[in-house]
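What follows is one structure encoded as structure tokens, with my remarks underneath.
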Amino acid sequence: MPTTEAESMNEKAVIPLPVTQDVALAATTGRYDAVRFNALKHGILSKLTVLAHEDQAEFAELLAALIEEHRPTGMTERHLVEELAAIIWRKRRVLLAEGAAINRGLRSVTQSQNDSPLLAAAPFERGLSKDGCDLPDLLTASSEEIAERQRHAELDLAATRKATAILRKGGPQAYEKARRALIQESRDWWDEQIEEEEYPATAEGLAQFIRKTLEPIGIRMEQEARLIPAIQVQTLGEGLQVHRLEKLNRYETHLDRKFERTLAMILKLKQLRGG
């Protein structure tokens with residue numbers, strides 16, 4: 001059986017180490033490719049760490065990387081390296097559980113009928129309403145989409161107010177000029193209102209449509225677009241529900257300490273063996 005000389009502070013001792021053939025060959029040649037998946041196949045912890053629905057190959061890659069890094073000699077070091085892999089794998093589960101808990105909290109907040117983070121995100125914003133707001137859509141908007149929504153909302157509101165100013169000024173062509181001042185979507189909506197005989201195709205009818213419907217919606221859309229970043233932050237904060245994460249945080253802290261102790265043991269063994 002191969003032996004390794006271990007030196008302590010006051011004396012030297014010869015410690016017998018049960019080194020398997022593949023590890024001994026790897027230690028001699030410096031090539032650990034041959035033992036990557038052998039460690040997964042024969043390891044005591046590896047058989048229990050990876051659950052049936054989890055990716056065995058992904059864990060094998062993690063373990064192989066740790067073997068490459070620490071180059072264990074003997075069963076003790078191999079076991080400790082395998083334990084490092086198991087701790088990292090369990091921390092991965094903690095992050096998955098944390099994400100699942102946050103998602104559940106977000107779902108609860110976005111589906112709540114009693115309150116809305118939209119109003120809390122800007123408590124002093126006048127005229128802001130949760131009615132007709134697609135909160136999940138706002139939450140998933142990218143920075144580019146937010147910028148485009150803000151630009152479109154500002155143009156829409158500016159065009160609507162321009163049409164209002166034209167109608168107030170009056171004149172023989174006021175109706176046509178005001179209609180053309182609207183953005184295409186608003187013009188199409190107005191034309192539908194005329195076809196359905198909701199309003200007459202006159203300056204007075206268009207002014208009433210703008211006052212009752214178009215401008216209030218334009219103001220709300222501009223507010224929503226401008227406040228999307230604040231709404232996203234508010235919703236995430238409410239959905240976090242920290243009390244649900246406390247146990248996960250304590251467990252993660254336990255794993256961190258376990259990782260530190262295991263790594264310290266590996267480094268101490270290497271130091272004793274002159275590795």
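Convention: chains lettered A, B, ... in structure tokens order; per-chain residue numbering from 1; ligands numbered from 1 as shown.
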Practice problem: Would you list, as a ChimeraX atom specification, the residues of range 69-238 of chain A that end up in helix (DSSP H, G or I) under DSSP run on this structure's backbone? | Solution: /A:69-70,74-110,117-121,135-139,143-169,174-181,184-195,203-238
Extract, using only C-alpha atoms, all DNA, RNA and protein residues at most 12 Å from Tyr199 in chain A, discarding same-chain residues fewer than 5 positions from it, and format them as a tab-separated table (two decimals) with N, CA, C and O atoms, in the first residue's frame.
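After the write, out_23.tsv holds the following:
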```tsv
chain	number	residue	atom	x	y	z
A	189	TRP	N	-58.93	54.72	-34.35
A	189	TRP	CA	-59.93	54.55	-33.29
A	189	TRP	C	-61.07	55.54	-33.47
A	189	TRP	O	-62.25	55.20	-33.32
A	190	TRP	N	-60.72	56.79	-33.80
A	190	TRP	CA	-61.73	57.81	-34.03
A	190	TRP	C	-62.63	57.44	-35.20
A	190	TRP	O	-63.86	57.58	-35.13
A	191	ASP	N	-62.06	56.95	-36.27
A	191	ASP	CA	-62.85	56.55	-37.44
A	191	ASP	C	-63.81	55.41	-37.08
A	191	ASP	O	-64.95	55.35	-37.59
A	192	GLU	N	-63.37	54.50	-36.21
A	192	GLU	CA	-64.26	53.42	-35.76
A	192	GLU	C	-65.43	53.98	-34.97
A	192	GLU	O	-66.57	53.49	-35.09
A	193	GLN	N	-65.15	55.00	-34.15
A	193	GLN	CA	-66.22	55.63	-33.37
A	193	GLN	C	-67.27	56.26	-34.28
A	193	GLN	O	-68.47	56.21	-34.00
A	194	ILE	N	-66.79	56.85	-35.39
A	194	ILE	CA	-67.72	57.46	-36.34
A	194	ILE	C	-68.57	56.39	-37.01
A	194	ILE	O	-69.79	56.52	-37.15
A	204	GLU	N	-66.87	69.32	-32.91
A	204	GLU	CA	-67.42	69.15	-31.57
A	204	GLU	C	-67.36	67.69	-31.13
A	204	GLU	O	-67.04	67.38	-29.97
A	205	GLY	N	-67.67	66.76	-32.05
A	205	GLY	CA	-67.63	65.35	-31.72
A	205	GLY	C	-66.22	64.87	-31.40
A	205	GLY	O	-66.00	64.13	-30.45
A	206	LEU	N	-65.25	65.34	-32.22
A	206	LEU	CA	-63.85	64.95	-31.98
A	206	LEU	C	-63.35	65.53	-30.66
A	206	LEU	O	-62.64	64.85	-29.92
A	207	ALA	N	-63.73	66.77	-30.37
A	207	ALA	CA	-63.30	67.39	-29.11
A	207	ALA	C	-63.84	66.62	-27.91
A	207	ALA	O	-63.14	66.42	-26.92
A	208	GLN	N	-65.10	66.18	-28.03
A	208	GLN	CA	-65.70	65.42	-26.94
A	208	GLN	C	-65.00	64.06	-26.77
A	208	GLN	O	-64.74	63.63	-25.64
A	209	PHE	N	-64.68	63.40	-27.88
A	209	PHE	CA	-63.99	62.10	-27.84
A	209	PHE	C	-62.60	62.25	-27.20
A	209	PHE	O	-62.19	61.43	-26.37
A	210	ILE	N	-61.92	63.31	-27.58
A	210	ILE	CA	-60.59	63.55	-27.00
A	210	ILE	C	-60.69	63.82	-25.51
A	210	ILE	O	-59.93	63.27	-24.71
A	212	LYS	N	-63.15	63.06	-23.29
A	212	LYS	CA	-63.68	61.98	-22.46
A	212	LYS	C	-62.84	60.70	-22.50
A	212	LYS	O	-62.78	59.97	-21.51
A	213	THR	N	-62.21	60.43	-23.63
A	213	THR	CA	-61.56	59.13	-23.80
A	213	THR	C	-60.08	59.22	-24.13
A	213	THR	O	-59.24	58.67	-23.41
```
Quiz item: Which of these residues is nearest to Leu118 in chain A, using only C-alpha atoms: A:Gly170, A:Gly105, A:Pro200, A:Pro136?
Solution: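 Of the candidates, the smallest distance to Leu118 in chain A is held by A:Pro136.
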Exercise. Tell me, in Å to one decimal, how far CA of Tyr251 in chain A is from CA of Glu69 in chain A.
Key: 26.2 Å
Exercise. Could you tell me which of A:Arg107, A:Glu176, A:Leu139, A:Ala97 comes closest to Lys247 in chain A if we count only C-alpha atoms?
Key: A:Ala97
Quiz item: Which neighbours of range 41-58 of chain A fall inside 8 Å, counting only C-alpha atoms, when residues of the same chain fewer than 6 positions from it are skipped, and could you give them as a PyMOL selection string?
Solution: chain A and resi 79+82-83+86+89
May I have the selected residues written with C-alpha atoms, as a PDB file, in the first residue's frame?
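Listing of result_32.pdb after writing:
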```
ATOM      1  CA  HIS A  79     -13.958  12.072  -0.241  1.00  0.00           C
ATOM      2  CA  GLU A  82     -16.521  14.927  -3.483  1.00  0.00           C
ATOM      3  CA  GLU A  83     -18.042  16.610  -0.444  1.00  0.00           C
ATOM      4  CA  ALA A  86     -22.025  17.956  -3.008  1.00  0.00           C
ATOM      5  CA  TRP A  89     -24.705  21.169  -5.760  1.00  0.00           C
TER       6      TRP A  89
END
```
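Proximity of A:Arg179, A:His70, A:Lys91, A:Arg104 to Leu240 in chain A, computed with only C-alpha atoms, is greatest for A:Arg104.
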Quiz item: Within 6 Å of range 214-227 of chain A, counting only C-alpha atoms, which residues qualify if same-chain residues fewer than 3 places away don't, as a ChimeraX atom specification?
Solution: /A:149-150,153,157,210-211,230
